[in-house]
Number of protein chains: 2
Amino acid sequence: MNGEIEHTLRGSWTPSGAASAPLSPAALRWLRHRIGLTETTTPAVPSSLLDVPGSSLADTPRAELEALLGERHVLVDAAARLGRAGGMSYSDLVRRRDGAELAVPDAVLLPSDPELVQGVLEICARHDIAVVPFGGGTSVVGGVDALRGGKNAVVALDLVRLDRLISLDPDSRIAVLQAGMRATEAESLLAAHGFTLGHFPQSFERATIGGFAATRSAGQASSGYGRFEDMVEGVRLATPAGEWKLGVAPASAAGPDLRQLAIGSEGILGVITEVAVRVRPAPRRSRYEAFVVDGWQAGTDAVRALAQERVLADVTRLSDPAETEVQLALSGQLKARALGNLLRAKGVRNPCLLVLGWDAGTRTELKQRRAAAVRALRDVRTVRLGRAAGESWKSHRFSGPRQRDALLDRGVCVETLETATSWSGLSELRSAVRTALVRNLQTGSKPPIVMCHVSHAYETGASLYFTVLAPRDSEHALAQWQRAKEAACDAIAGRGTISHHHAVGVDHRPWLGAEIGDIGTAVLTAAKRAVDPTGILNPGKLLRD
Amino acid sequence: MNGEIEHTLRGSWTPSGAASAPLSPAALRWLRHRIGLTETTTPAVPSSLLDVPGSSLADTPRAELEALLGERHVLVDAAARLGRAGGMSYSDLVRRRDGAELAVPDAVLLPSDPELVQGVLEICARHDIAVVPFGGGTSVVGGVDALRGGKNAVVALDLVRLDRLISLDPDSRIAVLQAGMRATEAESLLAAHGFTLGHFPQSFERATIGGFAATRSAGQASSGYGRFEDMVEGVRLATPAGEWKLGVAPASAAGPDLRQLAIGSEGILGVITEVAVRVRPAPRRSRYEAFVVDGWQAGTDAVRALAQERVLADVTRLSDPAETEVQLALSGQLKARALGNLLRAKGVRNPCLLVLGWDAGTRTELKQRRAAAVRALRDVRTVRLGRAAGESWKSHRFSGPRQRDALLDRGVCVETLETATSWSGLSELRSAVRTALVRNLQTGSKPPIVMCHVSHAYETGASLYFTVLAPRDSEHALAQWQRAKEAACDAIAGRGTISHHHAVGVDHRPWLGAEIGDIGTAVLTAAKRAVDPTGILNPGKLLRD
């Protein structure tokens, strides 16, 4: 397969493609019992049968773009455009199943270096064409929706060909990566030099470096390696006003940290083309293990102790009783029934699974970090489940997204959302969001399953990540989730952040203003106008147009 | 002494006041030998003899301000205004000695809460009066210079009465402090609850919480406690466009991190009135000790190993051979001669002092952290000087600024500057700045002393802090330093950041544009215009007006 075709297919629309995984018979049985599944499957309409509108890209800009990038790198065929029609949220998946309400870009552009990205922006600014930067396409908040925003056309600027390791400074442990490089590719290129980035969000298998930066991504091992913004040393952006390079030192007092303005700008302040990241030696030892704690309060006390004594494991993840029940039920390896008996015998009434995972350079380091964590847990009663359960979690860490198509096929509404707040506000926030979701997802007699976990802990607070499983309202699937999501966001507003690591995109936009204030909105709007005076960059994301 | 008089005096002009300390006879002898001191002292002109221009504050705004704040909190007397005429840089001190070129504010305003600060901004915006936020007055970059910027008048907005602990959440370890609270006061208020902020810059004895936030301050223990921006959970600002509150969670992906735009904004984007900070339990154990390493390269290798193995001591400080020589010479407690003999006997040719200091909750924690650090230093040959030398450094940690008046009295040019870069660029940066300073400070036959230390280390790089001691060119004292400073900044540009923790102010403004790019300047300018449309906030700082 030649490079170009591969590029075209990589981001393409594969709702039941290689990345999806079936549900086990046991999982199906359990789901049928708990939320009641439809017996008949509800598969997606094949993409070839969908009615894709023709491209609105006019001949002149198209010719200019083709002259700049080469004809093969300006794609207007339906498959390529469908492949960049939105991200991977539940709503995206539902919309794609029947092709309804899909915003399809008028063309897909495939520049191969930062200068060409700059050139694309100049052409698009001149012809008033909206530009949606596109990386792995894993946004779950509408961040890559091909919205036209009143412009003449909208193009997806797919950065897949910006996939090079530009430099690696082993003494300073800084790697400069192009923005379109996939996380998997970054890890394998760095591994060849003995390094790792250590950034493993659930989107790891598809997401790109530029996407991580644009969305302030956090990974499953962020307790150890830091959030993506903590890793960024420098960033290079293409903007309609010109190139912008930031970051000359690990820390600076040379005015506000503008890197932190570029990071999380979701394509509205520029197209990130390169990111200088801090890397670490690839671990030579690792240990993942699982514990059970009795009750949510005891669990959060445990994670808080680890965070505040600054001995967090690299992966630190606490599931609430609902999520623990599902994990035990769906995990063949955990031998759910035997485990349930064991926990009851030990007097554990509300089991909460706590997974801790350490990466280390040496056995000594691993041993000491683990000992320090165990010491910090001295006041919390834990039942050790051992390494097999921890390793089992690790081996399934990226599998969530792969099972969504199988769940959708069975008529399940499956989606996640997340937030963060201070330790003292965490329980109230969890209750408020749970209540909002349970109330608004109910369709039949069986209540929806609303699970929650803490996966990112800080000295002052933590994130909450909710996963819902509910019978889909087959007539009003989008409205069912939209109602629940709005109620959850209303519950979050005033209690926590509207997003801890999924970003704002389209979906969280209505709540951003309350979080950053009118002044914050005015400042962001002014910054956008300075770099993008005609507003071609990713319309409708983060800010109202 | 009543509150108001105390407020007036606290920030007042005391070049030889309580905070200054004399030089020891040994230090004087050594300095005479090394750089040649003038035998006659050159004391400051008493402030009472200085010619202070009258206040240009018109009657109407003055009456409005008095109505808002109370007459006692709008000061127009010469002493109060002189007390806020600039900061604490060498140039500030030299200018104050003869009263030449002093920019004196037309009034000093003393609001007592955030709402009154907001009210002051409304009045000043209406009457087109420039507002210079004033905390401890310790800026060494001209950050509090009372520049009028073409406005009708300029007032110093002294935040000293915003000195309250608003709230303390012990579970989340978050304290909300008003911006005018001094660091010393914050520490004692927090200590009453068993907590510490852990922020100890050399300005600790005078500086305020708001100043730390406005300048992206870093303290001597920042390797352990983090830079000030790492501690900030939230910030509240008064701006001409209205109040601005930021920060609802420890981390967020709700767009760019606007807290990091407010932090380091040096009063041009608003007046910081409250800061929510992360606190930690006050340490119950501490251990400071000193080592000697042979040569700068071995020293930076040692600090790099500590940083990259993530076992930095809370205080980690490496002096180059020149600074080590001075520290040994000036420290009676280190018994310089005996130590010199010892080091020679051990074959150490270029001694570099390495001070490591740990704060911990328990003896076990301290022991383990120290053991991990010693392990990380396994490949570096160190001579242990022991705890007395480390504790000696600790006991003198804030004394530098106090001795400047005594040095100025003896005709010495004494100043500091700082930068940061990646590990691989550190040696070249140090050489380039050293060369620039040595070349441009020379006045007579004796070469100036240019010392350097690393006091802040990161996985990817470190800061460099330079201190100069040179015979003052008594005719052209300001020009002598200005020339050296410009040459040093030129050497820094392109190699590192123009400031790692002193901020930009007036002095670094010419180099900021190159560091953040034209786009960065345009973005900051646009943000400023959004919050301060008429440009009354701290004119001439960070950006050109």
# chains A, B, ... in the order shown; residues from 1 in each chain; ligands from 1

$ closest_atom_pairs --of "chain A" --to "chain B" --cutoff "7 Å" --atoms "only C-alpha atoms" --output "JSON lines"
{"residue": "A:Asp171", "atom": "CA", "partner": "B:Ser424", "partner_atom": "CA", "distance": 6.0}
{"residue": "A:Ser172", "atom": "CA", "partner": "B:Thr460", "partner_atom": "CA", "distance": 4.5}
{"residue": "A:Arg173", "atom": "CA", "partner": "B:Thr460", "partner_atom": "CA", "distance": 5.7}
{"residue": "A:Ile174", "atom": "CA", "partner": "B:Thr460", "partner_atom": "CA", "distance": 6.6}
{"residue": "A:Thr215", "atom": "CA", "partner": "B:Ala253", "partner_atom": "CA", "distance": 6.4}
{"residue": "A:Arg216", "atom": "CA", "partner": "B:Ala253", "partner_atom": "CA", "distance": 5.2}
{"residue": "A:Trp244", "atom": "CA", "partner": "B:Ile519", "partner_atom": "CA", "distance": 6.0}
{"residue": "A:Lys245", "atom": "CA", "partner": "B:Gly517", "partner_atom": "CA", "distance": 6.8}
{"residue": "A:Leu246", "atom": "CA", "partner": "B:Ile516", "partner_atom": "CA", "distance": 5.9}
{"residue": "A:Val248", "atom": "CA", "partner": "B:Gly496", "partner_atom": "CA", "distance": 5.7}
{"residue": "A:Ala249", "atom": "CA", "partner": "B:Thr421", "partner_atom": "CA", "distance": 4.4}
{"residue": "A:Pro250", "atom": "CA", "partner": "B:Gly461", "partner_atom": "CA", "distance": 5.9}
{"residue": "A:Ala251", "atom": "CA", "partner": "B:His500", "partner_atom": "CA", "distance": 6.3}
{"residue": "A:Ser252", "atom": "CA", "partner": "B:His500", "partner_atom": "CA", "distance": 4.2}
{"residue": "A:Ala253", "atom": "CA", "partner": "B:Ala503", "partner_atom": "CA", "distance": 4.7}
{"residue": "A:Ala254", "atom": "CA", "partner": "B:Ser499", "partner_atom": "CA", "distance": 5.3}
{"residue": "A:Gly255", "atom": "CA", "partner": "B:Gly264", "partner_atom": "CA", "distance": 4.7}
{"residue": "A:Pro256", "atom": "CA", "partner": "B:Gly264", "partner_atom": "CA", "distance": 4.5}
{"residue": "A:Asp257", "atom": "CA", "partner": "B:Gln260", "partner_atom": "CA", "distance": 5.6}
{"residue": "A:Leu258", "atom": "CA", "partner": "B:Leu261", "partner_atom": "CA", "distance": 6.8}
{"residue": "A:Gln260", "atom": "CA", "partner": "B:Asp257", "partner_atom": "CA", "distance": 5.6}
{"residue": "A:Leu261", "atom": "CA", "partner": "B:Pro256", "partner_atom": "CA", "distance": 4.6}
{"residue": "A:Ala262", "atom": "CA", "partner": "B:Pro256", "partner_atom": "CA", "distance": 6.5}
{"residue": "A:Ile263", "atom": "CA", "partner": "B:Pro256", "partner_atom": "CA", "distance": 5.9}
{"residue": "A:Gly264", "atom": "CA", "partner": "B:Pro256", "partner_atom": "CA", "distance": 4.5}
{"residue": "A:Ser265", "atom": "CA", "partner": "B:Pro256", "partner_atom": "CA", "distance": 5.4}
{"residue": "A:Arg278", "atom": "CA", "partner": "B:Thr460", "partner_atom": "CA", "distance": 6.7}
{"residue": "A:Ala420", "atom": "CA", "partner": "B:Ala249", "partner_atom": "CA", "distance": 5.7}
{"residue": "A:Thr421", "atom": "CA", "partner": "B:Ala249", "partner_atom": "CA", "distance": 4.4}
{"residue": "A:Ser422", "atom": "CA", "partner": "B:Ser172", "partner_atom": "CA", "distance": 5.8}
{"residue": "A:Trp423", "atom": "CA", "partner": "B:Ser172", "partner_atom": "CA", "distance": 4.9}
{"residue": "A:Ser424", "atom": "CA", "partner": "B:Ser172", "partner_atom": "CA", "distance": 5.7}
{"residue": "A:Tyr458", "atom": "CA", "partner": "B:Pro250", "partner_atom": "CA", "distance": 6.8}
{"residue": "A:Thr460", "atom": "CA", "partner": "B:Ser172", "partner_atom": "CA", "distance": 4.6}
{"residue": "A:Gly461", "atom": "CA", "partner": "B:Pro250", "partner_atom": "CA", "distance": 5.9}
{"residue": "A:Gly496", "atom": "CA", "partner": "B:Val248", "partner_atom": "CA", "distance": 5.7}
{"residue": "A:Thr497", "atom": "CA", "partner": "B:Ala249", "partner_atom": "CA", "distance": 5.9}
{"residue": "A:Ile498", "atom": "CA", "partner": "B:Ala254", "partner_atom": "CA", "distance": 6.3}
{"residue": "A:Ser499", "atom": "CA", "partner": "B:Ala253", "partner_atom": "CA", "distance": 5.3}
{"residue": "A:His500", "atom": "CA", "partner": "B:Ser252", "partner_atom": "CA", "distance": 4.2}
{"residue": "A:His501", "atom": "CA", "partner": "B:Ala253", "partner_atom": "CA", "distance": 4.8}
{"residue": "A:His502", "atom": "CA", "partner": "B:Ala253", "partner_atom": "CA", "distance": 6.4}
{"residue": "A:Ala503", "atom": "CA", "partner": "B:Ala253", "partner_atom": "CA", "distance": 4.7}
{"residue": "A:Val504", "atom": "CA", "partner": "B:Ala254", "partner_atom": "CA", "distance": 5.5}
{"residue": "A:Leu512", "atom": "CA", "partner": "B:Ala254", "partner_atom": "CA", "distance": 6.8}
{"residue": "A:Ile516", "atom": "CA", "partner": "B:Leu246", "partner_atom": "CA", "distance": 5.9}
{"residue": "A:Gly517", "atom": "CA", "partner": "B:Trp244", "partner_atom": "CA", "distance": 6.5}
{"residue": "A:Ile519", "atom": "CA", "partner": "B:Trp244", "partner_atom": "CA", "distance": 6.0}
{"residue": "A:Ala522", "atom": "CA", "partner": "B:Ala530", "partner_atom": "CA", "distance": 6.2}
{"residue": "A:Val523", "atom": "CA", "partner": "B:Ala527", "partner_atom": "CA", "distance": 4.9}
{"residue": "A:Ala526", "atom": "CA", "partner": "B:Ala526", "partner_atom": "CA", "distance": 5.4}
{"residue": "A:Ala527", "atom": "CA", "partner": "B:Val523", "partner_atom": "CA", "distance": 5.0}
{"residue": "A:Ala530", "atom": "CA", "partner": "B:Val523", "partner_atom": "CA", "distance": 5.8}
{"residue": "A:Val531", "atom": "CA", "partner": "B:Ile519", "partner_atom": "CA", "distance": 6.9}
{"residue": "A:Leu542", "atom": "CA", "partner": "B:Gly255", "partner_atom": "CA", "distance": 6.7}

$ select_by_dssp --residues "segment 132-181 of chain A" --states "strand (DSSP E)" --output "list of chain:residue names"
A:Val132, A:Pro133, A:Phe134, A:Ala153, A:Val154, A:Val155, A:Ala156, A:Leu157, A:Asp158, A:Leu165, A:Ile166, A:Ser167, A:Leu168, A:Asp169, A:Ile174, A:Ala175, A:Val176, A:Leu177, A:Gln178

$ write_last_selection --atoms "N, CA and C atoms" --output "compact mmCIF listing (two decimals), in the first residue's frame"
# COMPACT_ATOMS: atom_id res chain seq x y z
N VAL A 132 -10.32 23.01 9.76
CA VAL A 132 -10.44 22.19 10.96
C VAL A 132 -9.20 21.30 11.06
N PRO A 133 -8.29 21.58 12.00
CA PRO A 133 -7.13 20.70 12.16
C PRO A 133 -7.59 19.31 12.59
N PHE A 134 -6.99 18.30 12.00
CA PHE A 134 -7.43 16.92 12.23
C PHE A 134 -6.23 16.04 12.52
N ALA A 153 -16.37 27.54 2.57
CA ALA A 153 -16.22 26.09 2.56
C ALA A 153 -15.51 25.72 3.85
N VAL A 154 -15.40 24.42 4.10
CA VAL A 154 -14.64 23.98 5.28
C VAL A 154 -13.76 22.80 4.86
N VAL A 155 -12.49 22.88 5.25
CA VAL A 155 -11.58 21.78 4.92
C VAL A 155 -11.05 21.14 6.20
N ALA A 156 -10.82 19.83 6.12
CA ALA A 156 -10.13 19.14 7.23
C ALA A 156 -8.64 19.17 6.91
N LEU A 157 -7.87 19.75 7.83
CA LEU A 157 -6.42 19.82 7.64
C LEU A 157 -5.83 18.64 8.39
N ASP A 158 -5.68 17.53 7.68
CA ASP A 158 -5.21 16.30 8.33
C ASP A 158 -3.69 16.35 8.42
N LEU A 165 10.11 12.61 13.77
CA LEU A 165 10.89 12.99 14.96
C LEU A 165 11.94 13.98 14.47
N ILE A 166 11.80 15.23 14.84
CA ILE A 166 12.68 16.27 14.32
C ILE A 166 14.03 16.25 15.02
N SER A 167 14.03 16.08 16.31
CA SER A 167 15.30 16.04 17.04
C SER A 167 15.09 15.36 18.38
N LEU A 168 16.18 14.85 18.91
CA LEU A 168 16.15 14.26 20.25
C LEU A 168 17.43 14.69 20.95
N ASP A 169 17.27 15.35 22.08
CA ASP A 169 18.41 15.82 22.88
C ASP A 169 18.44 14.93 24.13
N ILE A 174 14.76 16.08 25.72
CA ILE A 174 13.73 16.80 24.97
C ILE A 174 13.67 16.23 23.56
N ALA A 175 12.48 15.85 23.14
CA ALA A 175 12.27 15.39 21.76
C ALA A 175 11.35 16.38 21.06
N VAL A 176 11.68 16.73 19.84
CA VAL A 176 10.79 17.57 19.05
C VAL A 176 10.06 16.66 18.06
N LEU A 177 8.75 16.62 18.21
CA LEU A 177 7.91 15.72 17.40
C LEU A 177 6.97 16.54 16.54
N GLN A 178 6.75 16.10 15.32
CA GLN A 178 5.73 16.77 14.51
C GLN A 178 4.34 16.38 15.02

$ residues_around --residues "Asn350 of chain B" --least-positions-apart "6" --cutoff "6 Å" --atoms "only C-alpha atoms" --output "MDAnalysis selection string"
chainID B and resid 294:295 321

$ write_last_selection --atoms "N, CA and C atoms" --output "PDB file, in the first residue's frame"
ATOM      1  N   ASP B 294      34.128  18.778  42.026  1.00  0.00           N
ATOM      2  CA  ASP B 294      35.285  19.340  41.326  1.00  0.00           C
ATOM      3  C   ASP B 294      34.897  19.798  39.918  1.00  0.00           C
ATOM      4  N   GLY B 295      34.645  21.069  39.784  1.00  0.00           N
ATOM      5  CA  GLY B 295      34.404  21.640  38.456  1.00  0.00           C
ATOM      6  C   GLY B 295      32.928  21.803  38.135  1.00  0.00           C
ATOM      7  N   PRO B 321      32.885  27.868  40.440  1.00  0.00           N
ATOM      8  CA  PRO B 321      34.113  28.098  41.207  1.00  0.00           C
ATOM      9  C   PRO B 321      34.223  29.538  41.724  1.00  0.00           C
TER      10      PRO B 321
END

$ residues_around --residues "Leu356 of chain B" --least-positions-apart "2" --cutoff "7 Å" --atoms "only C-alpha atoms" --output "ChimeraX atom specification"
/B:288-290,313,315-317,354,358

$ closest_residue --among "A:Thr443, A:Gln403, A:Thr208, A:Ser395" --to "Thr273 of chain A" --atoms "only C-alpha atoms"
A:Thr208

$ residues_around --residues "Leu353 of chain B" --least-positions-apart "2" --cutoff "7 Å" --atoms "only C-alpha atoms" --output "list in words"
Ala290, Phe291, Val292, Val293, Leu318, Ser319, Thr324, Pro351 and Val355 of chain B

$ atom_distance --atom1 "atom CA of Ala302 of chain B" --atom2 "atom CA of Leu377 of chain B"
5.9 Å

$ residues_around --residues "Arg397 of chain B" --least-positions-apart "6" --cutoff "12 Å" --atoms "only C-alpha atoms" --output "number ranges by chain"
B: 200-205, 219-221, 288, 315, 317, 355, 357, 390-391

$ atom_distance --atom1 "atom CA of Ala514 of chain B" --atom2 "atom CA of Trp481 of chain B"
22.4 Å

$ residues_around --residues "Tyr465 of chain B" --least-positions-apart "5" --cutoff "7 Å" --atoms "only C-alpha atoms" --output "VMD selection string"
chain B and resid 417 to 419 452 to 454

$ select_by_dssp --residues "segment 236-467 of chain A" --states "helix (DSSP H, G or I)" --output "count of residues only"
91

$ atom_distance --atom1 "atom CA of Leu237 of chain B" --atom2 "atom CA of Gly149 of chain B"
21.7 Å
